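Next up, structure28.txt (compact mmCIF, C-alpha atoms):
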# COMPACT_ATOMS: atom_id res chain seq x y z
CA MET A 1 -15.28 41.17 -71.69
CA ASP A 2 -18.57 40.32 -73.32
CA SER A 3 -20.96 43.30 -73.25
CA ARG A 4 -23.70 41.04 -71.81
CA TYR A 5 -21.81 40.98 -68.53
CA GLU A 6 -21.57 44.70 -68.01
CA PRO A 7 -23.29 45.69 -64.76
CA SER A 8 -26.96 46.47 -65.29
CA VAL A 9 -28.53 49.82 -64.44
CA LEU A 10 -30.16 48.14 -61.44
CA HIS A 11 -26.81 46.85 -60.22
CA SER A 12 -25.13 50.23 -60.67
CA PHE A 13 -27.92 51.94 -58.76
CA ALA A 14 -27.72 49.38 -55.94
CA ALA A 15 -23.94 49.70 -55.81
CA TRP A 16 -24.29 53.48 -55.59
CA LEU A 17 -26.74 53.10 -52.65
CA ASP A 18 -24.39 50.58 -51.08
CA SER A 19 -21.58 53.13 -51.15
CA HIS A 20 -23.48 55.42 -48.76
CA ALA A 21 -22.13 55.57 -45.23
CA TRP A 22 -25.70 55.46 -43.87
CA SER A 23 -26.39 52.23 -45.73
CA THR A 24 -23.39 50.60 -44.08
CA ALA A 25 -24.32 52.05 -40.69
CA LEU A 26 -27.83 50.63 -40.98
CA HIS A 27 -26.53 47.25 -42.15
CA GLU A 28 -24.14 46.98 -39.24
CA SER A 29 -26.33 48.51 -36.54
CA LEU A 30 -26.91 46.33 -33.48
CA TRP A 31 -30.43 47.59 -32.72
CA VAL A 32 -31.87 49.66 -35.56
CA TRP A 33 -31.84 46.89 -38.16
CA PRO A 34 -33.52 44.26 -35.92
CA LEU A 35 -36.10 46.83 -34.80
CA LEU A 36 -36.86 47.81 -38.41
CA GLU A 37 -37.10 44.18 -39.44
CA SER A 38 -39.38 43.34 -36.50
CA THR A 39 -41.64 46.28 -37.32
CA HIS A 40 -41.74 45.11 -40.94
CA VAL A 41 -42.74 41.56 -39.88
CA LEU A 42 -45.22 42.55 -37.18
CA THR A 43 -46.96 44.98 -39.52
CA VAL A 44 -48.08 41.87 -41.44
CA ALA A 45 -50.76 41.55 -38.74
CA LEU A 46 -52.05 45.08 -39.37
CA PHE A 47 -51.64 45.30 -43.14
CA VAL A 48 -52.31 41.75 -44.40
CA GLY A 49 -54.44 40.79 -41.38
CA VAL A 50 -56.94 43.61 -41.77
CA LEU A 51 -56.85 43.21 -45.57
CA VAL A 52 -57.74 39.51 -45.14
CA MET A 53 -60.77 40.51 -43.03
CA VAL A 54 -61.95 42.82 -45.87
CA ASP A 55 -61.27 40.08 -48.44
CA LEU A 56 -63.24 37.58 -46.33
CA ARG A 57 -66.20 39.97 -46.61
CA LEU A 58 -65.73 40.20 -50.40
CA LEU A 59 -65.54 36.40 -50.59
CA GLY A 60 -68.75 36.09 -48.58
CA PHE A 61 -67.08 34.28 -45.65
CA ALA A 62 -67.43 36.91 -42.90
CA PHE A 63 -69.26 40.18 -42.11
CA LYS A 64 -72.07 39.10 -44.45
CA ASP A 65 -74.41 41.58 -42.77
CA THR A 66 -71.97 44.50 -43.25
CA PRO A 67 -72.13 46.42 -46.57
CA VAL A 68 -68.92 46.14 -48.61
CA SER A 69 -68.69 49.96 -48.70
CA ILE A 70 -68.48 50.00 -44.87
CA MET A 71 -65.62 47.48 -44.93
CA THR A 72 -63.71 49.38 -47.64
CA GLY A 73 -64.54 52.78 -46.15
CA ARG A 74 -63.94 52.15 -42.45
CA VAL A 75 -61.74 49.07 -42.12
CA LEU A 76 -59.55 49.17 -45.24
CA PRO A 77 -57.87 52.51 -44.32
CA TRP A 78 -56.26 50.75 -41.32
CA SER A 79 -54.78 48.20 -43.68
CA ILE A 80 -53.53 50.99 -45.95
CA GLY A 81 -51.92 52.63 -42.91
CA GLY A 82 -50.14 49.34 -42.22
CA PHE A 83 -49.07 49.20 -45.87
CA CYS A 84 -47.46 52.65 -45.58
CA LEU A 85 -45.48 51.44 -42.56
CA MET A 86 -44.49 48.36 -44.59
CA VAL A 87 -43.20 50.51 -47.46
CA VAL A 88 -41.18 52.82 -45.19
CA THR A 89 -39.55 49.98 -43.20
CA GLY A 90 -39.14 47.90 -46.38
CA LEU A 91 -37.33 50.68 -48.24
CA LEU A 92 -35.02 51.26 -45.27
CA LEU A 93 -34.28 47.52 -45.04
CA PHE A 94 -33.47 47.52 -48.77
CA TYR A 95 -31.24 50.56 -48.30
CA ALA A 96 -29.26 48.65 -45.66
CA ASN A 97 -28.15 45.96 -48.13
CA PRO A 98 -29.12 47.00 -51.67
CA VAL A 99 -26.71 44.94 -53.80
CA ALA A 100 -27.51 41.61 -52.12
CA TYR A 101 -31.27 42.19 -52.40
CA THR A 102 -31.03 43.33 -56.02
CA HIS A 103 -29.50 39.96 -56.90
CA ASN A 104 -31.77 37.89 -54.67
CA VAL A 105 -34.29 35.81 -56.65
CA TRP A 106 -36.81 35.89 -53.81
CA PHE A 107 -36.59 39.67 -53.61
CA ARG A 108 -37.15 39.89 -57.37
CA LEU A 109 -40.10 37.52 -57.13
CA LYS A 110 -41.50 39.67 -54.32
CA VAL A 111 -41.29 42.81 -56.46
CA VAL A 112 -43.09 41.02 -59.34
CA LEU A 113 -45.82 39.88 -56.91
CA LEU A 114 -46.14 43.43 -55.55
CA VAL A 115 -46.76 44.69 -59.09
CA ILE A 116 -49.41 41.98 -59.60
CA ALA A 117 -51.01 42.95 -56.26
CA ALA A 118 -51.07 46.61 -57.34
CA VAL A 119 -52.73 45.76 -60.67
CA ASN A 120 -55.25 43.57 -58.83
CA ALA A 121 -56.06 46.38 -56.36
CA TRP A 122 -56.50 48.77 -59.28
CA MET A 123 -58.85 46.24 -60.94
CA PHE A 124 -60.95 46.11 -57.77
CA HIS A 125 -61.22 49.82 -57.13
CA ARG A 126 -61.49 51.08 -60.74
CA ARG A 127 -63.19 48.25 -62.61
CA VAL A 128 -64.96 45.72 -60.41
CA SER A 129 -66.36 48.32 -57.99
CA ARG A 130 -68.08 50.34 -60.74
CA ASP A 131 -71.44 48.68 -60.12
CA ARG A 132 -70.88 48.22 -56.39
CA GLU A 133 -74.27 49.68 -55.46
CA ARG A 134 -75.86 46.60 -57.02
CA TRP A 135 -74.00 44.12 -54.75
CA ASP A 136 -72.91 46.32 -51.83
CA SER A 137 -75.24 44.56 -49.36
CA GLN A 138 -75.20 41.10 -50.94
CA PRO A 139 -73.91 38.49 -48.47
CA ARG A 140 -72.01 36.88 -51.36
CA PRO A 141 -70.77 39.39 -53.97
CA PRO A 142 -70.56 38.46 -57.70
CA LEU A 143 -67.90 36.12 -59.08
CA ALA A 144 -65.67 38.94 -60.41
CA VAL A 145 -65.44 40.43 -56.92
CA ARG A 146 -64.69 37.07 -55.33
CA LEU A 147 -62.04 36.34 -57.95
CA VAL A 148 -60.29 39.66 -57.32
CA SER A 149 -60.27 39.14 -53.55
CA ALA A 150 -59.12 35.51 -53.86
CA THR A 151 -56.27 36.83 -56.04
CA SER A 152 -55.52 39.46 -53.41
CA VAL A 153 -55.23 36.89 -50.60
CA SER A 154 -53.11 34.52 -52.73
CA VAL A 155 -50.74 37.20 -54.04
CA TRP A 156 -50.15 38.71 -50.59
CA ALA A 157 -49.52 35.20 -49.22
CA GLY A 158 -46.94 34.87 -52.01
CA VAL A 159 -45.39 38.19 -50.98
CA ILE A 160 -45.05 36.93 -47.38
CA LEU A 161 -43.47 33.68 -48.65
CA ALA A 162 -41.01 35.45 -50.97
CA GLY A 163 -40.26 38.07 -48.32
CA ARG A 164 -39.41 35.48 -45.68
CA MET A 165 -37.19 33.52 -48.08
CA ILE A 166 -35.06 36.59 -48.90
CA ALA A 167 -33.19 35.81 -45.68
CA TYR A 168 -31.76 32.59 -47.15
CA ASN A 169 -28.80 32.50 -49.49
CA TRP A 170 -29.62 29.26 -51.32
CA PHE A 171 -29.63 31.06 -54.67
CA GLU A 172 -26.75 33.48 -54.11
CA CYS A 173 -24.89 34.37 -57.32
CA GLY A 174 -22.06 31.88 -57.72
CA PRO A 175 -20.61 29.28 -60.08
CA SER A 176 -22.70 26.46 -58.59
CA GLN A 177 -26.05 28.04 -59.57
CA SER A 178 -28.06 26.92 -62.59
CA ALA A 179 -28.29 29.11 -65.69
CA PHE A 180 -31.89 29.90 -64.78
CA ILE A 181 -30.97 31.25 -61.33
CA LEU A 182 -28.06 33.25 -62.76
CA TRP A 183 -30.53 34.82 -65.20
CA ALA A 184 -33.34 35.32 -62.66
CA ALA A 185 -31.02 36.84 -60.07
CA GLY A 186 -29.41 39.05 -62.73
CA CYS A 187 -25.93 38.02 -61.66
CA ALA A 188 -23.67 40.73 -63.00
CA VAL A 189 -20.62 38.67 -63.76
CA ASP A 190 -20.27 35.56 -65.90
CA LEU A 191 -20.14 32.79 -63.31
CA THR A 192 -20.83 29.80 -65.56
CA PRO A 193 -17.81 27.49 -65.42
CA MET B 1 -67.44 64.81 -38.90
CA SER B 2 -66.30 68.22 -40.12
CA VAL B 3 -62.80 69.52 -39.60
CA PRO B 4 -62.84 72.12 -36.81
CA GLY B 5 -61.72 75.66 -37.54
CA VAL B 6 -58.41 76.97 -36.20
CA GLY B 7 -60.02 78.60 -33.16
CA GLN B 8 -61.88 75.41 -32.24
CA TRP B 9 -58.81 73.17 -32.02
CA PRO B 10 -58.16 73.60 -28.27
CA SER B 11 -61.71 72.59 -27.34
CA PHE B 12 -61.73 69.83 -29.97
CA ALA B 13 -58.47 68.40 -28.60
CA SER B 14 -59.60 68.59 -24.98
CA ARG B 15 -62.90 66.89 -25.84
CA TRP B 16 -60.97 64.17 -27.68
CA ILE B 17 -58.71 63.63 -24.69
CA VAL B 18 -61.64 63.47 -22.26
CA GLY B 19 -63.52 61.11 -24.59
CA HIS B 20 -60.49 58.81 -24.80
CA ARG B 21 -59.30 59.11 -21.19
CA CYS B 22 -59.62 55.37 -20.53
CA ALA B 23 -57.82 54.45 -23.75
CA LEU B 24 -55.05 56.97 -23.05
CA GLY B 25 -54.73 55.85 -19.45
CA SER B 26 -54.47 52.22 -20.55
CA VAL B 27 -51.84 53.12 -23.14
CA ALA B 28 -49.83 54.80 -20.38
CA LEU B 29 -50.21 51.73 -18.14
CA VAL B 30 -49.16 49.36 -20.94
CA ALA B 31 -46.16 51.62 -21.63
CA VAL B 32 -45.15 51.47 -17.96
CA LEU B 33 -45.49 47.67 -17.95
CA TRP B 34 -43.29 47.48 -21.07
CA TRP B 35 -40.78 49.82 -19.47
CA LEU B 36 -40.61 47.45 -16.48
CA LEU B 37 -40.52 44.33 -18.66
CA LEU B 38 -37.81 45.38 -21.10
CA PRO B 39 -34.81 45.65 -18.76
CA TRP B 40 -36.00 42.64 -16.75
CA LYS B 41 -33.58 39.81 -17.26
CA SER B 42 -35.16 36.60 -16.14
CA ASN B 43 -33.34 33.57 -14.94
CA ALA B 44 -34.32 31.63 -18.04
CA ALA B 45 -30.80 30.30 -18.53
CA THR B 46 -30.30 29.52 -14.85
CA TRP B 47 -33.65 27.79 -14.52
CA CYS B 48 -33.00 25.81 -17.66
CA GLU B 49 -29.92 24.32 -16.00
CA ALA B 50 -30.85 24.33 -12.32
CA PHE B 51 -34.19 22.55 -12.52
CA GLY B 52 -32.99 19.97 -15.00
CA TRP B 53 -35.17 21.45 -17.73
CA ALA B 54 -32.29 21.32 -20.20
CA ASP B 55 -32.40 17.51 -20.32
CA PHE B 56 -36.17 17.51 -20.69
CA TYR B 57 -36.07 20.08 -23.49
CA ARG B 58 -33.31 18.15 -25.26
CA GLU B 59 -35.37 15.00 -25.00
CA ILE B 60 -38.55 16.45 -26.53
CA GLY B 61 -36.46 18.08 -29.26
CA ASP B 62 -34.90 14.73 -30.07
CA GLY B 63 -38.16 13.31 -31.46
CA SER B 64 -38.66 12.56 -35.14
CA ILE B 65 -40.37 15.91 -35.90
CA GLY B 66 -37.70 18.05 -34.26
CA ARG B 67 -34.88 16.16 -35.92
CA ALA B 68 -36.54 16.17 -39.35
CA ILE B 69 -36.96 19.97 -39.24
CA GLY B 70 -33.46 20.47 -37.83
CA GLU B 71 -31.86 18.40 -40.59
CA SER B 72 -33.88 19.90 -43.44
CA LEU B 73 -32.84 23.04 -45.28
CA TRP B 74 -36.38 23.95 -46.35
CA LEU B 75 -38.73 22.76 -43.60
CA PHE B 76 -37.99 25.44 -40.99
CA PRO B 77 -38.52 28.46 -43.30
CA VAL B 78 -41.57 26.89 -44.96
CA ILE B 79 -43.23 26.19 -41.59
CA GLU B 80 -42.30 29.72 -40.53
CA VAL B 81 -44.07 31.16 -43.57
CA VAL B 82 -47.26 29.31 -42.60
CA HIS B 83 -46.69 30.64 -39.04
CA LEU B 84 -46.75 34.15 -40.61
CA PHE B 85 -50.01 33.35 -42.48
CA GLY B 86 -51.44 32.49 -39.06
CA LEU B 87 -50.12 35.79 -37.70
CA ALA B 88 -52.01 37.67 -40.43
CA VAL B 89 -55.35 35.92 -39.77
CA LEU B 90 -55.04 36.02 -35.97
CA GLY B 91 -53.77 39.61 -35.98
CA GLY B 92 -56.45 40.78 -38.40
CA SER B 93 -59.27 39.29 -36.32
CA VAL B 94 -57.87 40.75 -33.08
CA ILE B 95 -57.27 44.20 -34.58
CA VAL B 96 -60.69 44.57 -36.26
CA MET B 97 -62.44 43.65 -32.98
CA ASP B 98 -60.25 45.91 -30.84
CA LEU B 99 -60.65 48.83 -33.25
CA ARG B 100 -64.42 48.49 -32.83
CA LEU B 101 -64.03 48.54 -29.04
CA LEU B 102 -61.90 51.68 -29.41
CA GLY B 103 -64.74 53.32 -31.32
CA VAL B 104 -63.14 53.30 -34.78
CA GLY B 105 -63.34 50.96 -37.77
CA LEU B 106 -66.73 49.22 -37.63
CA LYS B 107 -67.83 51.74 -34.99
CA ASN B 108 -71.51 51.63 -35.97
CA ALA B 109 -71.77 47.85 -35.58
CA VAL B 110 -72.81 46.16 -32.33
CA PRO B 111 -69.60 44.78 -30.71
CA ALA B 112 -71.20 41.36 -30.19
CA ARG B 113 -71.91 41.14 -33.96
CA VAL B 114 -68.31 42.06 -34.81
CA LEU B 115 -67.09 39.41 -32.37
CA ALA B 116 -69.41 36.79 -33.90
CA ASN B 117 -67.87 37.57 -37.31
CA VAL B 118 -64.21 37.53 -36.30
CA ARG B 119 -64.38 34.68 -33.77
CA PRO B 120 -64.10 31.76 -36.26
CA TRP B 121 -61.10 33.46 -37.90
CA PHE B 122 -59.49 34.06 -34.53
CA PHE B 123 -59.66 30.29 -33.96
CA VAL B 124 -58.34 29.58 -37.47
CA GLY B 125 -55.40 31.93 -36.89
CA LEU B 126 -54.68 30.58 -33.41
CA PHE B 127 -54.84 26.98 -34.64
CA VAL B 128 -52.46 27.66 -37.54
CA MET B 129 -50.04 29.50 -35.23
CA ILE B 130 -49.97 26.69 -32.65
CA ALA B 131 -49.90 23.91 -35.26
CA THR B 132 -46.82 25.51 -36.86
CA GLY B 133 -45.35 26.98 -33.67
CA VAL B 134 -45.02 23.62 -31.92
CA PRO B 135 -42.90 22.04 -34.71
CA LEU B 136 -40.76 25.21 -34.88
CA PHE B 137 -40.20 24.90 -31.12
CA LEU B 138 -39.39 21.18 -31.43
CA SER B 139 -36.64 21.96 -33.93
CA GLU B 140 -34.76 24.21 -31.47
CA THR B 141 -35.87 23.25 -27.96
CA THR B 142 -32.48 23.78 -26.33
CA LYS B 143 -32.20 27.29 -27.75
CA CYS B 144 -35.72 28.08 -26.46
CA CYS B 145 -34.92 26.71 -22.99
CA PHE B 146 -32.14 29.28 -22.61
CA ASN B 147 -34.02 32.05 -24.40
CA HIS B 148 -35.53 34.96 -22.47
CA SER B 149 -37.71 36.08 -25.42
CA PHE B 150 -39.23 32.60 -25.67
CA GLU B 151 -40.12 32.74 -22.00
CA VAL B 152 -41.81 36.14 -22.43
CA LYS B 153 -43.61 34.97 -25.56
CA ILE B 154 -45.07 31.81 -24.01
CA THR B 155 -46.07 33.60 -20.80
CA GLY B 156 -47.60 36.39 -22.87
CA LEU B 157 -49.44 33.88 -25.05
CA PHE B 158 -51.09 32.20 -22.05
CA LEU B 159 -52.07 35.60 -20.65
CA ALA B 160 -53.35 36.85 -24.01
CA VAL B 161 -55.53 33.78 -24.68
CA LEU B 162 -56.86 33.81 -21.12
CA TYR B 163 -57.49 37.56 -21.25
CA THR B 164 -59.22 37.35 -24.64
CA PHE B 165 -61.77 34.79 -23.44
CA ALA B 166 -62.14 35.83 -19.80
CA VAL B 167 -62.18 39.60 -20.22
CA ARG B 168 -62.22 41.09 -23.70
CA ASN B 169 -64.84 38.86 -25.34
CA ARG B 170 -67.07 39.15 -22.29
CA VAL B 171 -66.95 42.94 -22.45
CA ALA B 172 -67.58 42.76 -26.21
CA VAL B 173 -70.78 40.72 -25.85
CA ARG B 174 -72.12 42.55 -22.79
CA ASP B 175 -75.02 44.89 -23.46
CA GLY B 176 -74.34 48.37 -22.21
CA ALA B 177 -70.65 47.95 -21.53
CA SER B 178 -69.29 51.44 -20.97
CA THR B 179 -67.17 53.16 -23.60
CA CYS B 180 -64.47 53.45 -20.97
CA ALA B 181 -64.38 49.70 -20.29
CA MET B 182 -64.36 48.88 -24.01
CA GLN B 183 -61.45 51.23 -24.72
CA GLY B 184 -59.35 50.01 -21.82
CA VAL B 185 -59.99 46.37 -22.63
CA ALA B 186 -59.05 46.90 -26.30
CA VAL B 187 -55.77 48.65 -25.48
CA PHE B 188 -54.71 45.80 -23.17
CA SER B 189 -55.69 43.23 -25.79
CA LEU B 190 -53.59 44.96 -28.46
CA GLY B 191 -50.72 45.41 -25.98
CA LEU B 192 -50.72 41.75 -24.95
CA TRP B 193 -50.86 40.35 -28.48
CA PHE B 194 -48.20 42.83 -29.60
CA THR B 195 -45.95 41.62 -26.78
CA VAL B 196 -46.44 38.00 -27.86
CA ALA B 197 -45.63 38.83 -31.49
CA ALA B 198 -42.65 41.06 -30.69
CA ALA B 199 -41.12 38.60 -28.22
CA GLY B 200 -41.72 35.84 -30.76
CA ARG B 201 -39.79 37.70 -33.43
CA TRP B 202 -37.01 38.45 -30.95
CA ILE B 203 -36.40 34.72 -30.33
CA GLY B 204 -34.69 34.75 -33.72
CA PHE B 205 -32.41 37.66 -32.82
CA SER B 206 -31.36 36.45 -29.38
CA GLY B 207 -29.51 33.40 -28.16
Spit out the file's structure as C-alpha cells when you get a sec.
Amino acid sequence: MDSRYEPSVLHSFAAWLDSHAWSTALHESLWVWPLLESTHVLTVALFVGVLVMVDLRLLGFAFKDTPVSIMTGRVLPWSIGGFCLMVVTGLLLFYANPVAYTHNVWFRLKVVLLVIAAVNAWMFHRRVSRDRERWDSQPRPPLAVRLVSATSVSVWAGVILAGRMIAYNWFECGPSQSAFILWAAGCAVDLTP
Amino acid sequence: MSVPGVGQWPSFASRWIVGHRCALGSVALVAVLWWLLLPWKSNAATWCEAFGWADFYREIGDGSIGRAIGESLWLFPVIEVVHLFGLAVLGGSVIVMDLRLLGVGLKNAVPARVLANVRPWFFVGLFVMIATGVPLFLSETTKCCFNHSFEVKITGLFLAVLYTFAVRNRVAVRDGASTCAMQGVAVFSLGLWFTVAAAGRWIGFSG
C-alpha cells in the first residue's frame, strides 16, 4: 500500500471519536440530534442576525446616529452569546458523526471560512479599531472599517451556505468523484479507478 | 453598574425580579402556551383529505416552478440557503428591537429611533423569506398539506406579522409606554417569531 493512502491524523482522530458509544447514541437519537440541529440553525438569527445589524452600522446603512462603540459594546455581546451556543451545538453535532464530516468538502470549506472570519474579526478589533475615537460617531465610517464589515457579512454568508450543504452527499468519497474532490475531501483510501 | 457584594445579593435579586415582573410573567405565559401547543395534534392530515385540499395543493405544486425545483438537485438547497440569509436579517432586526424593549442592548436609545433603524431591514428580511419560502413550498406542496409543523408555522407567521404591526411597533413608537408593557410585548414578539422559526425547521424533520 502506497504510504500516501495511510489514514491522516485527522481521519484517525475522527475515527477515534466515532468509536465512542456516546457518539453513536447521539447520531442515532430520535430527539436529541434534531433538537441540537434546530438550535444550531435557529441560532443563526441571534448570532448572524445581530452581527449583521452591527455590520450595517459599520457600513453606514443603519443606526447612523448611534456611535459604533455603543453597537460593539451593547449589541455585539448578544451576537457573541449566540456564537457560543453555535460552537457548543456545532461541536456536539460534529461529535455525532465525525468521520463523515471530516471527509465532507463543505464541512472543510466551512472550517476554512471560519478561520477567515476569525482573522477578519481580529483585524477589526485589534487593527482597524485603533483609531476608533476619530470615526466612532461618523455616520459612514472609513473605507477600512467598511471593507472589514463587508468581509464579515460575506464570509458568514459563506459559512451558512457551506454549513447547509454539509447535509448533501454529492461529494461523498467514492470512485466516481474527481481527483480534486478526492483531494479536497481528504479521502483516506485510493478510490481512483 | 457595580457588582453587588455577597450580602446584597438577596435584595439585588428581588429588585431584579420586581423590575422584570412583566417580562417574567410573559415568559411564563409563553411557556404555558408552548406546553399546550406541543402535544396538540391537529387534524392537518384529515383536513387535507376531507376538504379536498390535497387536490388543490397538488395542483399548485404542479406548476413550472414547483416541478423545476423538485426535479433539480441544486435548486432546493440553494433557495434554502437564501431563506436562511433572510432568517438572519429578519431575526437580527426583530431581536435588536425586542432587546431594546426589554431594557438591554440599545437601552439608552429611544425605542422609536431603534424601530426606525431596524424597520427597513425587517422588510428586507421578510421579503427574502417569503420570496424564497413560496418556491420552497411549491416544490413540496403535498408534504406541506399533510404536515402539522407547516400548519403551525403558517398560522404563527400570520400572527407574528399581525402582532408586530398591530401591537409591538405601536408600543415601540408610543411616547411614555410603560416599562411593563414594553417588556411583555417584547417577550411575546420573541416567542411568536421563535415559534415560526422552530416550526419551520421541524417541517424538514416531520412527514
Worksheet item: Can you tell me, as a PyMOL selection string, what residues are no more than 9 Å from region 100-103 of chain A when counting only C-alpha atoms, ignoring any on the same chain fewer than 4 positions away?
Response: chain A and resi 10-11+14+94+107-108+166+172-173+184-188
Discussion item. Please find the residues of chain A near chain B - the criterion being any atom within 6 Å, counting all atoms listed in the file - and write them as JSON, numbers by chain.
Written reply: {"A": [44, 45, 48, 49, 50, 62, 63, 74, 75, 161]}
Could you save those same residues with C-alpha atoms as a tab-separated table (two decimals), keeping the file's coordinate frame?
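The result, written out as out_30.tsv:
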chain	number	residue	atom	x	y	z
A	44	VAL	CA	-48.08	41.87	-41.44
A	45	ALA	CA	-50.76	41.55	-38.74
A	48	VAL	CA	-52.31	41.75	-44.40
A	49	GLY	CA	-54.44	40.79	-41.38
A	50	VAL	CA	-56.94	43.61	-41.77
A	62	ALA	CA	-67.43	36.91	-42.90
A	63	PHE	CA	-69.26	40.18	-42.11
A	74	ARG	CA	-63.94	52.15	-42.45
A	75	VAL	CA	-61.74	49.07	-42.12
A	161	LEU	CA	-43.47	33.68	-48.65
Worksheet entry | Nearest candidate to Leu51 (chain A) (options A:Ser129, A:Ser8, A:Thr89, A:Ser152; using only C-alpha atoms) |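 Smallest distance to Leu51 (chain A) is found for A:Ser152.
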Item to complete: Name all residues at most 9 Å from region 163-171 of chain B (count only C-alpha atoms; drop same-chain ones fewer than 6 positions away) and give them as an MDAnalysis selection string.
Response: chainID B and resid 98 111:112 115 177:178 181:182 185:186 188:189 192
Practice prompt. Do a neighbour search on Ser23 (chain A) at 8 Å with all atoms listed in the file, toss out local chain neighbours closer than 5 positions, and write the hits as a list in words.
Written response: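 The residues that qualify are Leu17, Asp18, Tyr95, Ala96 and Asn97 of chain A.
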Show which residues sit within 9 Å of Cys144 (chain B), as a tab-separated table (two decimals) with C-alpha atoms, keeping the file's coordinate frame. Count only C-alpha atoms, and ignore same-chain residues fewer than 6 positions away.
chain	number	residue	atom	x	y	z
B	57	TYR	CA	-36.07	20.08	-23.49
B	137	PHE	CA	-40.20	24.90	-31.12
B	150	PHE	CA	-39.23	32.60	-25.67
B	151	GLU	CA	-40.12	32.74	-22.00
B	203	ILE	CA	-36.40	34.72	-30.33
B	207	GLY	CA	-29.51	33.40	-28.16
Discussion item. Nearest residue to Val110 (chain B) out of B:Gly52, B:Gly156, B:Leu29, B:Asp175, using all atoms listed in the file?
Written reply: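 Nearest candidate to Val110 (chain B) out of B:Gly52, B:Gly156, B:Leu29, B:Asp175: B:Asp175.
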